[in-house]
Amino acid sequence: MTRHQRLTLVSSVTGAAIVALDGTVLTVAQPALRRDLSASFAAVQWASTGYLVAVAALLVFAGRLGDRYGHRRLFAAGMVGFGVTSAGIGLAPGVGWVIALRVVQGVFGALLQPATLGMLRAAFPPDRLRGPIALRTAAIGLAVAAGPVLGGALVTEVGWRAVFFLNIVPALLFGLLALAMADPRQVSPARLDVPGALLLAAGLACLVHTLVALPESGWTTGSGLGLAAVAVTGAVFVRHERRTSSPLVPPGLVGSAAVGSALGILVAASASLSGTLFVCTYVLQDTLGLDPLAGALRSLPLAVLMVAAAPASAVLLRRAGARRTTTAAMAVLTLGVLVLSRATGTPALCTGFALLGAGFGTVMVAATHVVVRQAPVGSAGVAGGLQQTAMNVGPVLGVAGAATLMGLRAGPHLPLAVLSAVAAAGAAAGLALPGRFATTTDDQRDPSDRSPVPAPR
């Protein structure tokens, strides 16, 4: 591994871990933030919603910017901006400032996230992407596992503001380091599709906002109009993309059966996982009467297996191929949801959470590997943006669906049954993925060379 590849890998892993850690520690800090700033529950919720809307709306366009101007530049801008806005949130005098700065932080998060995958695709040949993606996934799993513990300790001992000061130094350090090494060469000569970006951003922002509000507001006229707006905007976007000479999402990428299936699997897996965790939180505390710490300890196998599954996934991909690996992992995820739907004792709960972690960790590596590998180097940023969009929309969809079904007072069994069906559908979609990829030589050649990656066998 060259020095450039090592630095790229460390930067990608750090950037992905910072974003994952930020989301988990914020959840822990919200109650203290609300009390300290005398804010309403709705206002504090907007600190999360505003960030999600901004990120989801801009991920794909940010990926295209990276393809055109260089992923390292976008990564640097995203990391520096993420660190600066974190400092601003930690110093915010009121909840209005927190909300506004979280929206701005979402913009920088959107610049950062696709670049972490785009840099890997540009730095490593296709047949050596499995390991870097697995390491990145393991870091995300570790951050998600450590976030609640670290956030709880900081909030208890120092206060909620310390949570936002946590990532300032690494964000600024790696951002400035990447900025100093930015490659001035344009990676892709393609014209930016600004109308397409605006249409996609409007549709995704409306979708996320509608889904986030759905559990509280229910199926009202407002939610119906929101989903109708999403459908209309989506149809206009598709029509525009088919007619423009330089589409935001290259047709060869989005039209690929493998990429489309992998993105659908990521949505299904993340929706099933997040929805199940949402339901199980209430089961552990309200039904079984456990305190938050006792419940968290029973769910610890999820984080452990997710971290352990990442490096194992690289081996499975090499030996069994994406199709078998992903389909089997989605089946394990489905089994985990079914076990949790009937679990009451500690052994069954730990087993269910372990199956969730093993299945999700493997799927995340395998499906992400397909999306990034299938993309030409000149479209790596768009591929990263699509992958991150799936990973942002899926959890919102899963939690919204689970909360809505729980509102029907049918208990936890109905939402968990639906979520297991969603995971099973993802397993079926895995049959469209390629098998083992042929070994290739380093493809770091002229960016204008858009020859396809070797066909799977």
# chains A, B, ... in the order shown; residues from 1 in each chain; ligands from 1
call {"tool": "closest_atom_pairs", "arguments": {"of": "region 304-417 of chain A", "to": "region 270-284 of chain A", "cutoff": "9 Å", "atoms": "only C-alpha atoms", "output": "JSON lines"}}
result
{"residue": "A:Leu333", "atom": "CA", "partner": "A:Leu273", "partner_atom": "CA", "distance": 8.1}
{"residue": "A:Thr334", "atom": "CA", "partner": "A:Ser272", "partner_atom": "CA", "distance": 8.3}
{"residue": "A:Val337", "atom": "CA", "partner": "A:Thr276", "partner_atom": "CA", "distance": 6.8}
{"residue": "A:Leu340", "atom": "CA", "partner": "A:Cys280", "partner_atom": "CA", "distance": 7.8}
{"residue": "A:Ser341", "atom": "CA", "partner": "A:Cys280", "partner_atom": "CA", "distance": 8.6}
{"residue": "A:Thr344", "atom": "CA", "partner": "A:Leu284", "partner_atom": "CA", "distance": 8.7}
{"residue": "A:Leu356", "atom": "CA", "partner": "A:Leu273", "partner_atom": "CA", "distance": 7.0}
{"residue": "A:Gly357", "atom": "CA", "partner": "A:Leu273", "partner_atom": "CA", "distance": 8.7}
{"residue": "A:Phe360", "atom": "CA", "partner": "A:Leu273", "partner_atom": "CA", "distance": 7.4}
{"residue": "A:Met364", "atom": "CA", "partner": "A:Ser270", "partner_atom": "CA", "distance": 8.8}
{"residue": "A:Ala390", "atom": "CA", "partner": "A:Ser270", "partner_atom": "CA", "distance": 8.2}
{"residue": "A:Met391", "atom": "CA", "partner": "A:Ser270", "partner_atom": "CA", "distance": 6.3}
{"residue": "A:Asn392", "atom": "CA", "partner": "A:Ser270", "partner_atom": "CA", "distance": 8.3}
{"residue": "A:Val393", "atom": "CA", "partner": "A:Ala271", "partner_atom": "CA", "distance": 8.0}
{"residue": "A:Gly394", "atom": "CA", "partner": "A:Ala271", "partner_atom": "CA", "distance": 4.4}
{"residue": "A:Pro395", "atom": "CA", "partner": "A:Ala271", "partner_atom": "CA", "distance": 4.5}
{"residue": "A:Val396", "atom": "CA", "partner": "A:Ala271", "partner_atom": "CA", "distance": 7.1}
{"residue": "A:Leu397", "atom": "CA", "partner": "A:Ala271", "partner_atom": "CA", "distance": 5.9}
{"residue": "A:Gly398", "atom": "CA", "partner": "A:Ala271", "partner_atom": "CA", "distance": 3.9}
{"residue": "A:Val399", "atom": "CA", "partner": "A:Gly275", "partner_atom": "CA", "distance": 4.4}
{"residue": "A:Ala400", "atom": "CA", "partner": "A:Gly275", "partner_atom": "CA", "distance": 7.7}
{"residue": "A:Gly401", "atom": "CA", "partner": "A:Gly275", "partner_atom": "CA", "distance": 7.3}
{"residue": "A:Ala402", "atom": "CA", "partner": "A:Gly275", "partner_atom": "CA", "distance": 5.5}
{"residue": "A:Ala403", "atom": "CA", "partner": "A:Val279", "partner_atom": "CA", "distance": 7.7}
{"residue": "A:Met406", "atom": "CA", "partner": "A:Val279", "partner_atom": "CA", "distance": 8.0}
{"residue": "A:Pro412", "atom": "CA", "partner": "A:Val279", "partner_atom": "CA", "distance": 6.4}
{"residue": "A:Pro415", "atom": "CA", "partner": "A:Val279", "partner_atom": "CA", "distance": 7.7}
{"residue": "A:Leu416", "atom": "CA", "partner": "A:Thr276", "partner_atom": "CA", "distance": 6.4}
call {"tool": "residues_around", "arguments": {"residues": "Val422 (chain A)", "least_positions_apart": "2", "cutoff": "9 Å", "atoms": "only C-alpha atoms", "output": "list in words"}}
result
Ala268, Ala269, Ala271, Ser272, Thr334, Ala417, Val418, Leu419, Ser420, Ala424, Ala425, Gly426 and Ala427 of chain A
call {"tool": "residues_around", "arguments": {"residues": "region 143-157 of chain A", "least_positions_apart": "2", "cutoff": "10 Å", "atoms": "only C-alpha atoms", "output": "VMD selection string"}}
result
chain A and resid 16 to 33 137 to 141 159 to 164 166 293 296 299 to 304 306 to 307
call {"tool": "write_last_selection", "arguments": {"atoms": "C-alpha atoms", "output": "mmCIF file, in the first residue's frame"}}
result
data_model
loop_
_atom_site.group_PDB
_atom_site.id
_atom_site.type_symbol
_atom_site.label_atom_id
_atom_site.label_comp_id
_atom_site.auth_asym_id
_atom_site.auth_seq_id
_atom_site.Cartn_x
_atom_site.Cartn_y
_atom_site.Cartn_z
ATOM 1 C CA ALA A 16 -17.020 8.309 8.232
ATOM 2 C CA ALA A 17 -16.467 7.674 11.952
ATOM 3 C CA ILE A 18 -16.843 11.367 12.857
ATOM 4 C CA VAL A 19 -20.219 11.589 11.121
ATOM 5 C CA ALA A 20 -21.429 8.346 12.745
ATOM 6 C CA LEU A 21 -20.219 9.418 16.186
ATOM 7 C CA ASP A 22 -21.847 12.834 15.855
ATOM 8 C CA GLY A 23 -25.275 11.328 15.222
ATOM 9 C CA THR A 24 -25.168 8.903 18.156
ATOM 10 C CA VAL A 25 -23.837 11.308 20.774
ATOM 11 C CA LEU A 26 -26.377 13.967 19.799
ATOM 12 C CA THR A 27 -29.215 11.599 20.681
ATOM 13 C CA VAL A 28 -27.808 11.239 24.199
ATOM 14 C CA ALA A 29 -27.307 15.002 24.565
ATOM 15 C CA GLN A 30 -30.803 16.090 23.494
ATOM 16 C CA PRO A 31 -32.522 15.983 26.923
ATOM 17 C CA ALA A 32 -29.773 18.054 28.569
ATOM 18 C CA LEU A 33 -29.723 20.468 25.613
ATOM 19 C CA THR A 137 -17.597 -0.058 7.971
ATOM 20 C CA ALA A 138 -15.919 -1.394 11.112
ATOM 21 C CA ALA A 139 -15.023 2.154 12.128
ATOM 22 C CA ILE A 140 -18.641 3.235 11.683
ATOM 23 C CA GLY A 141 -19.798 0.299 13.813
ATOM 24 C CA GLY A 159 -22.417 19.053 29.849
ATOM 25 C CA TRP A 160 -24.071 18.733 26.443
ATOM 26 C CA ARG A 161 -21.777 21.302 24.805
ATOM 27 C CA ALA A 162 -18.793 18.985 25.246
ATOM 28 C CA VAL A 163 -20.437 16.519 22.838
ATOM 29 C CA PHE A 164 -20.024 18.986 19.966
ATOM 30 C CA LEU A 166 -15.495 16.249 20.674
ATOM 31 C CA LEU A 293 -28.427 0.845 30.919
ATOM 32 C CA ALA A 296 -28.206 -1.111 26.320
ATOM 33 C CA SER A 299 -28.137 -4.836 22.775
ATOM 34 C CA LEU A 300 -24.324 -4.718 23.001
ATOM 35 C CA PRO A 301 -23.888 -7.875 20.843
ATOM 36 C CA LEU A 302 -25.238 -5.869 17.905
ATOM 37 C CA ALA A 303 -22.298 -3.462 17.944
ATOM 38 C CA VAL A 304 -19.756 -6.203 18.640
ATOM 39 C CA MET A 306 -21.247 -5.444 13.393
ATOM 40 C CA VAL A 307 -17.611 -4.528 13.973
#
call {"tool": "residues_around", "arguments": {"residues": "region 78-85 of chain A", "least_positions_apart": "2", "cutoff": "8 Å", "atoms": "only C-alpha atoms", "output": "list in words"}}
result
Gly15, Leu74, Phe75, Ala76, Ala87, Gly88, Ile89, Leu101, Arg102, Val104, Gln105, Phe108, Gly109, Ala110, Leu111, Leu112, Asn167, Ile168, Val169, Ala171, Leu172, Phe174, Gly175 and Leu176 of chain A
call {"tool": "write_last_selection", "arguments": {"atoms": "N, CA, C and O atoms", "output": "short mmCIF file (atom, residue, chain, number, x, y, z; two decimals), in the first residue's frame"}}
result
data_model
loop_
_atom_site.label_atom_id
_atom_site.label_comp_id
_atom_site.auth_asym_id
_atom_site.auth_seq_id
_atom_site.Cartn_x
_atom_site.Cartn_y
_atom_site.Cartn_z
N GLY A 15 -13.29 10.33 8.56
CA GLY A 15 -14.46 11.12 8.19
C GLY A 15 -15.76 10.37 8.43
O GLY A 15 -16.72 10.93 8.98
N LEU A 74 -13.36 18.19 -1.82
CA LEU A 74 -14.68 18.16 -1.19
C LEU A 74 -14.58 17.60 0.22
O LEU A 74 -15.26 18.08 1.14
N PHE A 75 -13.74 16.59 0.39
CA PHE A 75 -13.53 16.02 1.73
C PHE A 75 -12.96 17.08 2.66
O PHE A 75 -13.41 17.21 3.81
N ALA A 76 -11.97 17.82 2.19
CA ALA A 76 -11.36 18.86 3.02
C ALA A 76 -12.38 19.92 3.42
O ALA A 76 -12.47 20.31 4.58
N ALA A 87 -18.07 23.52 16.55
CA ALA A 87 -17.67 24.50 17.55
C ALA A 87 -18.76 25.54 17.76
O ALA A 87 -19.06 25.95 18.89
N GLY A 88 -19.37 25.98 16.66
CA GLY A 88 -20.44 26.96 16.77
C GLY A 88 -21.63 26.43 17.55
O GLY A 88 -22.22 27.16 18.37
N ILE A 89 -22.00 25.18 17.32
CA ILE A 89 -23.13 24.59 18.06
C ILE A 89 -22.79 24.50 19.55
O ILE A 89 -23.64 24.76 20.41
N LEU A 101 -27.35 26.09 12.81
CA LEU A 101 -26.00 25.55 12.61
C LEU A 101 -26.03 24.07 12.28
O LEU A 101 -25.16 23.57 11.55
N ARG A 102 -27.02 23.34 12.78
CA ARG A 102 -27.14 21.93 12.41
C ARG A 102 -27.49 21.77 10.93
O ARG A 102 -27.02 20.85 10.27
N VAL A 104 -26.58 23.90 8.58
CA VAL A 104 -25.32 24.19 7.89
C VAL A 104 -24.36 23.02 8.02
O VAL A 104 -23.67 22.64 7.06
N GLN A 105 -24.34 22.40 9.18
CA GLN A 105 -23.48 21.23 9.37
C GLN A 105 -23.92 20.09 8.46
O GLN A 105 -23.09 19.32 7.96
N PHE A 108 -22.27 20.56 5.10
CA PHE A 108 -20.89 20.10 5.09
C PHE A 108 -20.80 18.58 5.23
O PHE A 108 -19.91 17.94 4.65
N GLY A 109 -21.74 17.99 5.97
CA GLY A 109 -21.78 16.53 6.04
C GLY A 109 -22.06 15.91 4.69
O GLY A 109 -21.52 14.85 4.35
N ALA A 110 -22.91 16.58 3.90
CA ALA A 110 -23.20 16.09 2.55
C ALA A 110 -21.96 16.17 1.65
O ALA A 110 -21.76 15.32 0.78
N LEU A 111 -21.14 17.20 1.82
CA LEU A 111 -19.89 17.30 1.05
C LEU A 111 -18.92 16.20 1.46
O LEU A 111 -18.20 15.63 0.62
N LEU A 112 -18.92 15.88 2.74
CA LEU A 112 -17.94 14.96 3.30
C LEU A 112 -18.23 13.50 2.98
O LEU A 112 -17.34 12.73 2.58
N ASN A 167 -15.47 16.42 18.22
CA ASN A 167 -14.90 16.10 16.91
C ASN A 167 -14.21 17.28 16.23
O ASN A 167 -13.83 17.18 15.07
N ILE A 168 -14.04 18.39 16.95
CA ILE A 168 -13.44 19.58 16.32
C ILE A 168 -12.00 19.31 15.89
O ILE A 168 -11.62 19.57 14.74
N VAL A 169 -11.20 18.79 16.78
CA VAL A 169 -9.77 18.62 16.48
C VAL A 169 -9.54 17.63 15.34
O VAL A 169 -8.84 17.95 14.36
N ALA A 171 -11.59 16.68 12.98
CA ALA A 171 -12.17 17.19 11.74
C ALA A 171 -11.28 18.25 11.12
O ALA A 171 -11.01 18.24 9.91
N LEU A 172 -10.82 19.19 11.92
CA LEU A 172 -9.96 20.25 11.39
C LEU A 172 -8.60 19.69 10.96
O LEU A 172 -8.05 20.09 9.93
N PHE A 174 -7.69 16.56 9.88
CA PHE A 174 -7.72 15.81 8.63
C PHE A 174 -8.23 16.67 7.48
O PHE A 174 -7.84 16.46 6.33
N GLY A 175 -9.10 17.63 7.77
CA GLY A 175 -9.56 18.52 6.72
C GLY A 175 -8.44 19.39 6.17
O GLY A 175 -8.27 19.51 4.95
N LEU A 176 -7.66 19.98 7.05
CA LEU A 176 -6.56 20.83 6.61
C LEU A 176 -5.46 20.01 5.95
O LEU A 176 -4.83 20.46 4.98
#
call {"tool": "residues_around", "arguments": {"residues": "Thr233 (chain A)", "least_positions_apart": "3", "cutoff": "10 Å", "atoms": "only C-alpha atoms", "output": "list in words"}}
result
Leu198, Leu199, Leu200, Ala201, Ala202, Gly203, Leu204, Cys206, Leu227, Ala228, Ala229, Val230, Val236, Phe237, Val238 and Arg239 of chain A
call {"tool": "write_last_selection", "arguments": {"atoms": "all heavy atoms", "output": "short mmCIF file (atom, residue, chain, number, x, y, z; two decimals), in the first residue's frame"}}
result
data_model
loop_
_atom_site.label_atom_id
_atom_site.label_comp_id
_atom_site.auth_asym_id
_atom_site.auth_seq_id
_atom_site.Cartn_x
_atom_site.Cartn_y
_atom_site.Cartn_z
N LEU A 198 -31.27 20.43 -8.26
CA LEU A 198 -32.33 21.12 -7.51
C LEU A 198 -33.59 20.26 -7.40
O LEU A 198 -34.22 20.20 -6.34
CB LEU A 198 -32.66 22.46 -8.19
CG LEU A 198 -31.56 23.53 -8.15
CD1 LEU A 198 -31.97 24.74 -8.97
CD2 LEU A 198 -31.27 23.93 -6.70
N LEU A 199 -33.93 19.58 -8.48
CA LEU A 199 -35.12 18.72 -8.45
C LEU A 199 -34.92 17.55 -7.48
O LEU A 199 -35.81 17.24 -6.68
CB LEU A 199 -35.40 18.17 -9.85
CG LEU A 199 -36.00 19.16 -10.87
CD1 LEU A 199 -35.98 18.56 -12.27
CD2 LEU A 199 -37.44 19.50 -10.46
N LEU A 200 -33.75 16.92 -7.54
CA LEU A 200 -33.49 15.80 -6.65
C LEU A 200 -33.44 16.26 -5.20
O LEU A 200 -33.98 15.59 -4.30
CB LEU A 200 -32.17 15.13 -7.03
CG LEU A 200 -31.80 13.88 -6.22
CD1 LEU A 200 -32.87 12.80 -6.36
CD2 LEU A 200 -30.44 13.35 -6.64
N ALA A 201 -32.81 17.41 -4.96
CA ALA A 201 -32.72 17.93 -3.60
C ALA A 201 -34.11 18.23 -3.04
O ALA A 201 -34.42 17.91 -1.88
CB ALA A 201 -31.86 19.20 -3.58
N ALA A 202 -34.96 18.85 -3.86
CA ALA A 202 -36.32 19.17 -3.40
C ALA A 202 -37.10 17.90 -3.08
O ALA A 202 -37.79 17.82 -2.05
CB ALA A 202 -37.05 19.99 -4.47
N GLY A 203 -37.01 16.89 -3.94
CA GLY A 203 -37.73 15.65 -3.71
C GLY A 203 -37.26 14.92 -2.46
O GLY A 203 -38.07 14.46 -1.65
N LEU A 204 -35.94 14.81 -2.29
CA LEU A 204 -35.41 14.10 -1.13
C LEU A 204 -35.68 14.86 0.17
O LEU A 204 -36.01 14.25 1.19
CB LEU A 204 -33.91 13.87 -1.30
CG LEU A 204 -33.51 12.82 -2.34
CD1 LEU A 204 -32.01 12.82 -2.56
CD2 LEU A 204 -33.98 11.43 -1.91
N CYS A 206 -38.16 16.87 0.78
CA CYS A 206 -39.59 16.72 1.07
C CYS A 206 -39.89 15.33 1.61
O CYS A 206 -40.68 15.16 2.55
CB CYS A 206 -40.40 17.01 -0.18
SG CYS A 206 -42.18 17.14 0.11
N LEU A 227 -46.12 13.58 0.30
CA LEU A 227 -45.78 12.42 -0.52
C LEU A 227 -46.15 12.65 -1.98
O LEU A 227 -45.46 12.19 -2.89
CB LEU A 227 -46.49 11.18 0.02
CG LEU A 227 -46.02 10.71 1.40
CD1 LEU A 227 -46.84 9.52 1.87
CD2 LEU A 227 -44.53 10.35 1.37
N ALA A 228 -47.24 13.38 -2.22
CA ALA A 228 -47.62 13.71 -3.60
C ALA A 228 -46.56 14.60 -4.23
O ALA A 228 -46.20 14.43 -5.42
CB ALA A 228 -48.99 14.39 -3.63
N ALA A 229 -46.05 15.55 -3.46
CA ALA A 229 -45.00 16.43 -3.97
C ALA A 229 -43.74 15.64 -4.30
O ALA A 229 -43.05 15.92 -5.29
CB ALA A 229 -44.69 17.52 -2.94
N VAL A 230 -43.44 14.63 -3.47
CA VAL A 230 -42.28 13.78 -3.74
C VAL A 230 -42.47 13.04 -5.05
O VAL A 230 -41.54 12.96 -5.88
CB VAL A 230 -42.08 12.78 -2.58
CG1 VAL A 230 -41.00 11.76 -2.94
CG2 VAL A 230 -41.70 13.50 -1.31
N VAL A 236 -40.68 14.46 -12.51
CA VAL A 236 -40.06 15.55 -13.28
C VAL A 236 -38.55 15.34 -13.35
O VAL A 236 -37.92 15.57 -14.39
CB VAL A 236 -40.39 16.92 -12.66
CG1 VAL A 236 -39.65 18.03 -13.38
CG2 VAL A 236 -41.90 17.17 -12.72
N PHE A 237 -37.96 14.89 -12.25
CA PHE A 237 -36.51 14.63 -12.23
C PHE A 237 -36.13 13.54 -13.23
O PHE A 237 -35.17 13.69 -13.99
CB PHE A 237 -36.08 14.23 -10.82
CG PHE A 237 -34.66 13.75 -10.73
CD1 PHE A 237 -33.61 14.64 -10.81
CD2 PHE A 237 -34.38 12.39 -10.57
CE1 PHE A 237 -32.29 14.19 -10.74
CE2 PHE A 237 -33.08 11.94 -10.50
CZ PHE A 237 -32.03 12.85 -10.57
N VAL A 238 -36.87 12.45 -13.24
CA VAL A 238 -36.58 11.35 -14.18
C VAL A 238 -36.70 11.83 -15.61
O VAL A 238 -35.86 11.52 -16.48
CB VAL A 238 -37.52 10.16 -13.92
CG1 VAL A 238 -37.38 9.12 -15.01
CG2 VAL A 238 -37.23 9.55 -12.55
N ARG A 239 -37.74 12.60 -15.91
CA ARG A 239 -37.93 13.12 -17.27
C ARG A 239 -36.78 14.04 -17.67
O ARG A 239 -36.27 13.98 -18.79
CB ARG A 239 -39.26 13.87 -17.35
CG ARG A 239 -39.62 14.41 -18.73
CD ARG A 239 -41.02 15.00 -18.71
NE ARG A 239 -41.44 15.48 -20.02
CZ ARG A 239 -41.20 16.71 -20.48
NH1 ARG A 239 -40.58 17.59 -19.70
NH2 ARG A 239 -41.59 17.07 -21.69
#
